[in-house]
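Q: Let me begin by handing over the structure; questions about it come next.
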Amino acid sequence: MRDIIISGNWKMNKDLGDTTSFCTQLRDYAQKHDESRVKILIAPAYPFLYPAKQIVDSFPISLAAQNVSINDDGAFTGEVSATMLRSLDLEYCIVGHSERRQYHAETDATVRTRIIKLMEVGIIPIICIGETLAQREAEETEAIVISQIQAALQEIEITDPQQIVIAYEPVWAIGTGRNATPQQAQDVHLLIRNWLNTRYGNAIAAQVIILYGGSMKPENIDALLAMPDIDGGLIGGASLQITQFTAMIQSAKNAIQNRR
Ligand code: PGA
């Protein structure tokens, strides 16, 4: 049985004070967190990863960066390398988010390089893929999602299902308030899992965590997590408020009980 990950992608929100106060509240909540199969994860902005870590360290809360450089070190102003993230003891890093593809010219090829850099230092990439509204309406969803995952993992060997996390994030559902229906999301998650099966075999495919992202919130999370191939969420807007975030962790706890 796969674990569930509830992850907050804070994007360019929360300054130092907001980050530390959220982390303190989340730490207090996590003190009573008694379900090891539900993983709590937050992705603050780069400058606040370290202060966040100081607060949540030794509690069952993981941290993710939101991006990583394609380069190792040197004259790349404004970039942060995988080894720098490693020195913070980070467990995860988001890669290929559609906002980075859209506004920062990321391509399948650079997403792949980022994945390699992270895997080299033992950080788990959360690999984001998903179609735009125009692509869905043109019935290209399957082809787009498969081509993105194929390109991202091209010639990358996976020997342990915990080496990667995949996030299916339909672009039309991100920040729009309009989530994919549970069935729409499930269909794509199954497609991804079947692709993983063909590429890496069942032992890997059956255990890789596939998150859904796109307007996930307390009101719709239960129905999404009831789907057999949805293993949690990468949550933007609704992860910014502690009460909403902890409500979704509670939903994940209920869902994991139902999966037992
Ligand atoms: P949203 O963002 O929950 O605000 O739609 C999700 C994401 O972009 O990861």
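Simple scheme: letters A, B, ... for chains in structure tokens order, numbers from 1 for residues in each chain, numbers from 1 for ligands in the order shown.
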As a PyMOL selection string, please: the residues near Glu91 in chain A (cut-off 10 Å, only C-alpha atoms, same-chain neighbours under 3 positions excluded).
A: chain A and resi 41+62-65+85-86+88+118+122-125
Q: What residues of the protein or nucleic acid chains come within 7 Å of ligand 1 when you use only C-alpha atoms and all ligand atoms? Reply as a PyMOL selection string.
A: chain A and resi 9+169+173-177+213-216+234-238
Q: Find the residues around range 142-144 of chain A up to 12 Å (only C-alpha atoms counted), leave out those fewer than 6 positions away in its own chain, and share them as number ranges by chain.
A: A: 108, 129-136, 150-151, 168, 170-171, 184-185, 187-192, 194-195
Q: Kindly save the residues from that selection, with C-alpha atoms included, as a PDB file, in the first residue's frame.
A:
ATOM      1  CA  ASP A 108      11.067  18.811 -20.982  1.00  0.00           C
ATOM      2  CA  ILE A 129       3.231  17.152 -15.660  1.00  0.00           C
ATOM      3  CA  GLY A 130      -0.131  18.148 -17.053  1.00  0.00           C
ATOM      4  CA  GLU A 131      -2.016  19.409 -20.057  1.00  0.00           C
ATOM      5  CA  THR A 132      -3.383  22.873 -20.826  1.00  0.00           C
ATOM      6  CA  LEU A 133      -7.074  23.542 -21.386  1.00  0.00           C
ATOM      7  CA  ALA A 134      -6.565  23.804 -25.156  1.00  0.00           C
ATOM      8  CA  GLN A 135      -4.793  20.445 -25.150  1.00  0.00           C
ATOM      9  CA  ARG A 136      -7.571  18.816 -23.134  1.00  0.00           C
ATOM     10  CA  GLN A 150       8.694  10.052 -21.172  1.00  0.00           C
ATOM     11  CA  ALA A 151      10.919  13.049 -21.807  1.00  0.00           C
ATOM     12  CA  TYR A 168      -0.333  15.299 -12.263  1.00  0.00           C
ATOM     13  CA  PRO A 170      -3.768  19.863 -15.236  1.00  0.00           C
ATOM     14  CA  VAL A 171      -2.791  23.446 -16.045  1.00  0.00           C
ATOM     15  CA  GLN A 184     -10.756  12.760 -14.765  1.00  0.00           C
ATOM     16  CA  ALA A 185      -7.784  12.789 -12.413  1.00  0.00           C
ATOM     17  CA  ASP A 187      -7.938   8.319 -15.506  1.00  0.00           C
ATOM     18  CA  VAL A 188      -4.700  10.248 -15.987  1.00  0.00           C
ATOM     19  CA  HIS A 189      -3.109   8.816 -12.833  1.00  0.00           C
ATOM     20  CA  LEU A 190      -3.815   5.326 -14.108  1.00  0.00           C
ATOM     21  CA  LEU A 191      -2.381   6.254 -17.485  1.00  0.00           C
ATOM     22  CA  ILE A 192       0.818   7.412 -15.772  1.00  0.00           C
ATOM     23  CA  ASN A 194       0.531   2.083 -16.671  1.00  0.00           C
ATOM     24  CA  TRP A 195       3.328   3.934 -18.420  1.00  0.00           C
TER      25      TRP A 195
END
Q: Taking the DSSP assignment computed from this structure's backbone, write out as an mmCIF file with C-alpha atoms, in the first residue's frame all residues of range 147-250 of chain A that belong to helix (DSSP H, G or I).
A:
data_model
loop_
_atom_site.group_PDB
_atom_site.id
_atom_site.type_symbol
_atom_site.label_atom_id
_atom_site.label_comp_id
_atom_site.auth_asym_id
_atom_site.auth_seq_id
_atom_site.Cartn_x
_atom_site.Cartn_y
_atom_site.Cartn_z
ATOM 1 C CA SER A 147 5.274 12.709 -23.804
ATOM 2 C CA GLN A 148 6.120 14.833 -20.731
ATOM 3 C CA ILE A 149 6.799 11.870 -18.455
ATOM 4 C CA GLN A 150 8.694 10.052 -21.172
ATOM 5 C CA ALA A 151 10.919 13.049 -21.807
ATOM 6 C CA ALA A 152 11.420 13.775 -18.118
ATOM 7 C CA PRO A 161 9.885 3.561 -6.205
ATOM 8 C CA GLN A 162 10.760 6.132 -3.559
ATOM 9 C CA GLN A 163 13.302 7.795 -5.831
ATOM 10 C CA VAL A 171 -2.791 23.446 -16.045
ATOM 11 C CA TRP A 172 -6.427 24.514 -16.415
ATOM 12 C CA ALA A 173 -7.099 23.497 -12.815
ATOM 13 C CA PRO A 182 -11.994 12.686 -9.356
ATOM 14 C CA GLN A 183 -12.613 10.462 -12.364
ATOM 15 C CA GLN A 184 -10.756 12.760 -14.765
ATOM 16 C CA ALA A 185 -7.784 12.789 -12.413
ATOM 17 C CA GLN A 186 -7.956 9.046 -11.766
ATOM 18 C CA ASP A 187 -7.938 8.319 -15.506
ATOM 19 C CA VAL A 188 -4.700 10.248 -15.987
ATOM 20 C CA HIS A 189 -3.109 8.816 -12.833
ATOM 21 C CA LEU A 190 -3.815 5.326 -14.108
ATOM 22 C CA LEU A 191 -2.381 6.254 -17.485
ATOM 23 C CA ILE A 192 0.818 7.412 -15.772
ATOM 24 C CA ARG A 193 0.989 4.292 -13.622
ATOM 25 C CA ASN A 194 0.531 2.083 -16.671
ATOM 26 C CA TRP A 195 3.328 3.934 -18.420
ATOM 27 C CA LEU A 196 5.565 3.408 -15.363
ATOM 28 C CA ASN A 197 4.641 -0.258 -15.451
ATOM 29 C CA THR A 198 5.722 -0.638 -19.061
ATOM 30 C CA ARG A 199 8.910 1.334 -18.476
ATOM 31 C CA TYR A 200 10.016 0.095 -15.043
ATOM 32 C CA ASN A 202 5.128 -3.488 -11.726
ATOM 33 C CA ALA A 203 7.231 -3.523 -8.553
ATOM 34 C CA ILE A 204 8.146 0.111 -9.216
ATOM 35 C CA ALA A 205 4.906 1.285 -10.871
ATOM 36 C CA ILE A 221 -9.982 16.333 -1.325
ATOM 37 C CA ASP A 222 -12.008 13.414 0.066
ATOM 38 C CA ALA A 223 -13.456 12.491 -3.307
ATOM 39 C CA LEU A 224 -10.055 12.810 -4.982
ATOM 40 C CA LEU A 225 -8.288 10.673 -2.386
ATOM 41 C CA GLY A 237 -3.819 28.180 -2.634
ATOM 42 C CA ALA A 238 -5.438 25.961 -0.028
ATOM 43 C CA SER A 239 -2.090 25.132 1.588
ATOM 44 C CA ILE A 242 -3.061 26.356 8.466
ATOM 45 C CA THR A 243 -6.666 25.357 9.150
ATOM 46 C CA GLN A 244 -7.261 24.357 5.552
ATOM 47 C CA PHE A 245 -3.950 22.562 5.345
ATOM 48 C CA THR A 246 -4.495 20.542 8.522
ATOM 49 C CA ALA A 247 -8.049 19.737 7.416
ATOM 50 C CA MET A 248 -6.567 18.147 4.301
ATOM 51 C CA ILE A 249 -4.062 16.182 6.393
ATOM 52 C CA GLN A 250 -7.025 14.886 8.374
#
Q: Go through A:Asp18, A:Asp73, A:Asp57, A:Asp3 and flag the residue nearest Val38 in chain A, using only C-alpha atoms for the distances.
A: A:Asp3
Q: Leaving out range 96-105 of chain A and any residue of its chain fewer than 4 positions from it, which residues lie within 7 Å of it when counting only C-alpha atoms, given as a ChimeraX atom specification?
A: /A:111,127-128,171
Q: Using DSSP on the backbone coordinates, identify all residues within range 36-223 of chain A classified as strand (DSSP E or B); present the result as an mmCIF file with N, CA and C atoms, in the first residue's frame.
A:
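Now in result-v9.cif:
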data_model
loop_
_atom_site.group_PDB
_atom_site.id
_atom_site.type_symbol
_atom_site.label_atom_id
_atom_site.label_comp_id
_atom_site.auth_asym_id
_atom_site.auth_seq_id
_atom_site.Cartn_x
_atom_site.Cartn_y
_atom_site.Cartn_z
ATOM 1 N N VAL A 38 0.860 8.959 6.358
ATOM 2 C CA VAL A 38 0.510 10.251 5.761
ATOM 3 C C VAL A 38 1.686 11.195 5.973
ATOM 4 N N LYS A 39 2.291 11.582 4.872
ATOM 5 C CA LYS A 39 3.464 12.437 4.958
ATOM 6 C C LYS A 39 3.039 13.889 4.774
ATOM 7 N N ILE A 40 3.532 14.749 5.650
ATOM 8 C CA ILE A 40 3.239 16.185 5.574
ATOM 9 C C ILE A 40 4.464 16.877 4.977
ATOM 10 N N LEU A 41 4.216 17.717 3.990
ATOM 11 C CA LEU A 41 5.344 18.342 3.288
ATOM 12 C C LEU A 41 4.981 19.788 2.944
ATOM 13 N N ILE A 42 5.914 20.682 3.107
ATOM 14 C CA ILE A 42 5.685 22.062 2.650
ATOM 15 C C ILE A 42 6.872 22.534 1.810
ATOM 16 N N ALA A 43 6.570 23.412 0.871
ATOM 17 C CA ALA A 43 7.604 23.949 -0.017
ATOM 18 C C ALA A 43 7.622 25.469 0.081
ATOM 19 N N ILE A 61 7.538 16.376 9.517
ATOM 20 C CA ILE A 61 7.214 17.347 8.462
ATOM 21 C C ILE A 61 8.415 17.402 7.521
ATOM 22 N N SER A 62 8.171 17.218 6.251
ATOM 23 C CA SER A 62 9.257 17.270 5.271
ATOM 24 C C SER A 62 9.224 18.603 4.530
ATOM 25 N N LEU A 63 10.376 18.954 3.985
ATOM 26 C CA LEU A 63 10.480 20.206 3.238
ATOM 27 C C LEU A 63 10.880 19.940 1.797
ATOM 28 N N ALA A 64 10.370 20.780 0.918
ATOM 29 C CA ALA A 64 10.748 20.706 -0.488
ATOM 30 C C ALA A 64 11.141 22.092 -0.964
ATOM 31 N N ALA A 65 12.122 22.134 -1.858
ATOM 32 C CA ALA A 65 12.377 23.367 -2.601
ATOM 33 C C ALA A 65 11.420 23.388 -3.783
ATOM 34 N N TYR A 92 12.963 16.708 -0.640
ATOM 35 C CA TYR A 92 12.238 16.798 -1.909
ATOM 36 C C TYR A 92 12.522 18.113 -2.628
ATOM 37 N N CYS A 93 12.258 18.112 -3.931
ATOM 38 C CA CYS A 93 12.273 19.359 -4.707
ATOM 39 C C CYS A 93 11.270 19.230 -5.848
ATOM 40 N N ILE A 94 10.434 20.230 -6.001
ATOM 41 C CA ILE A 94 9.474 20.263 -7.110
ATOM 42 C C ILE A 94 10.244 20.567 -8.399
ATOM 43 N N VAL A 95 9.922 19.878 -9.471
ATOM 44 C CA VAL A 95 10.522 20.216 -10.773
ATOM 45 C C VAL A 95 9.464 20.240 -11.867
ATOM 46 N N ILE A 124 14.533 13.763 -3.651
ATOM 47 C CA ILE A 124 13.453 13.170 -4.440
ATOM 48 C C ILE A 124 12.774 14.266 -5.266
ATOM 49 N N PRO A 125 12.810 14.144 -6.599
ATOM 50 C CA PRO A 125 12.105 15.140 -7.416
ATOM 51 C C PRO A 125 10.601 14.885 -7.410
ATOM 52 N N ILE A 126 9.844 15.940 -7.260
ATOM 53 C CA ILE A 126 8.387 15.864 -7.448
ATOM 54 C C ILE A 126 8.154 16.390 -8.860
ATOM 55 N N ILE A 127 7.928 15.480 -9.776
ATOM 56 C CA ILE A 127 7.941 15.804 -11.212
ATOM 57 C C ILE A 127 6.533 16.184 -11.660
ATOM 58 N N CYS A 128 6.368 17.461 -12.066
ATOM 59 C CA CYS A 128 5.029 17.946 -12.430
ATOM 60 C C CYS A 128 4.788 17.812 -13.934
ATOM 61 N N ILE A 129 3.646 17.258 -14.257
ATOM 62 C CA ILE A 129 3.231 17.152 -15.660
ATOM 63 C C ILE A 129 1.736 17.473 -15.737
ATOM 64 N N VAL A 165 8.630 11.183 -7.151
ATOM 65 C CA VAL A 165 7.191 11.404 -6.955
ATOM 66 C C VAL A 165 6.708 12.102 -8.221
ATOM 67 N N ILE A 166 5.524 11.741 -8.669
ATOM 68 C CA ILE A 166 4.974 12.416 -9.847
ATOM 69 C C ILE A 166 3.752 13.223 -9.409
ATOM 70 N N ALA A 167 3.604 14.410 -9.959
ATOM 71 C CA ALA A 167 2.409 15.211 -9.674
ATOM 72 C C ALA A 167 1.692 15.485 -10.990
ATOM 73 N N TYR A 168 0.488 14.965 -11.098
ATOM 74 C CA TYR A 168 -0.333 15.299 -12.263
ATOM 75 C C TYR A 168 -1.081 16.585 -11.947
ATOM 76 N N ILE A 209 4.486 7.134 -5.848
ATOM 77 C CA ILE A 209 3.421 8.041 -5.404
ATOM 78 C C ILE A 209 3.099 9.036 -6.515
ATOM 79 N N ILE A 210 1.816 9.109 -6.851
ATOM 80 C CA ILE A 210 1.356 10.057 -7.872
ATOM 81 C C ILE A 210 0.360 11.016 -7.215
ATOM 82 N N LEU A 211 0.761 12.288 -7.143
ATOM 83 C CA LEU A 211 -0.063 13.317 -6.510
ATOM 84 C C LEU A 211 -0.946 13.989 -7.543
ATOM 85 N N TYR A 212 -2.063 14.508 -7.077
ATOM 86 C CA TYR A 212 -2.888 15.369 -7.930
ATOM 87 C C TYR A 212 -2.679 16.818 -7.483
#
Q: How far is it from CA of Ser251 in chain A to CA of Ile230 in chain A, in Å with one decimal?
A: 13.0 Å
Q: Leaving out Asn71 in chain A and any residue of its chain fewer than 6 positions from it, which residues lie within 10 Å of it when counting only C-alpha atoms, given as a count of residues only?
A: 7
Q: Of the candidates A:Arg178, A:Arg37, A:Lys53, A:Arg27, which shows the shortest atom-to-atom distance to Asn254 in chain A, using only C-alpha atoms?
A: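 The shortest atom-to-atom distance to Asn254 in chain A comes from A:Arg37.
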Q: Considering only C-alpha atoms, can you say which of A:Thr181, A:Ser87, A:Ser7, A:Thr19 comes closest to Asn220 in chain A?
A: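 Closest to Asn220 in chain A, using only C-alpha atoms: A:Thr181.
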Q: Which residues, written as an mmCIF file with N, CA and C atoms, in the first residue's frame, have at least one atom at most 8 Å from Thr24 in chain A, with only C-alpha atoms counted and residues fewer than 3 positions away on the same chain left out?
A:
data_model
loop_
_atom_site.group_PDB
_atom_site.id
_atom_site.type_symbol
_atom_site.label_atom_id
_atom_site.label_comp_id
_atom_site.auth_asym_id
_atom_site.auth_seq_id
_atom_site.Cartn_x
_atom_site.Cartn_y
_atom_site.Cartn_z
ATOM 1 N N THR A 20 7.642 31.343 9.411
ATOM 2 C CA THR A 20 7.951 30.800 10.736
ATOM 3 C C THR A 20 6.672 30.625 11.554
ATOM 4 N N SER A 21 5.718 31.525 11.388
ATOM 5 C CA SER A 21 4.507 31.348 12.205
ATOM 6 C C SER A 21 3.687 30.150 11.708
ATOM 7 N N ARG A 27 4.026 22.582 13.322
ATOM 8 C CA ARG A 27 4.797 21.739 14.233
ATOM 9 C C ARG A 27 3.924 21.338 15.426
ATOM 10 N N ASP A 28 3.167 22.290 15.954
ATOM 11 C CA ASP A 28 2.293 21.964 17.094
ATOM 12 C C ASP A 28 1.258 20.926 16.685
ATOM 13 N N ILE A 55 12.604 24.983 12.559
ATOM 14 C CA ILE A 55 11.379 24.835 13.363
ATOM 15 C C ILE A 55 10.814 23.419 13.268
ATOM 16 N N VAL A 56 10.813 22.843 12.063
ATOM 17 C CA VAL A 56 10.104 21.560 11.898
ATOM 18 C C VAL A 56 11.015 20.346 12.053
#
Q: Would you work out the distance separating CA of Ile115 in chain A from CA of Ile146 in chain A, expressed in Å to one decimal?
A: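 Those two atoms sit 16.8 Å apart.
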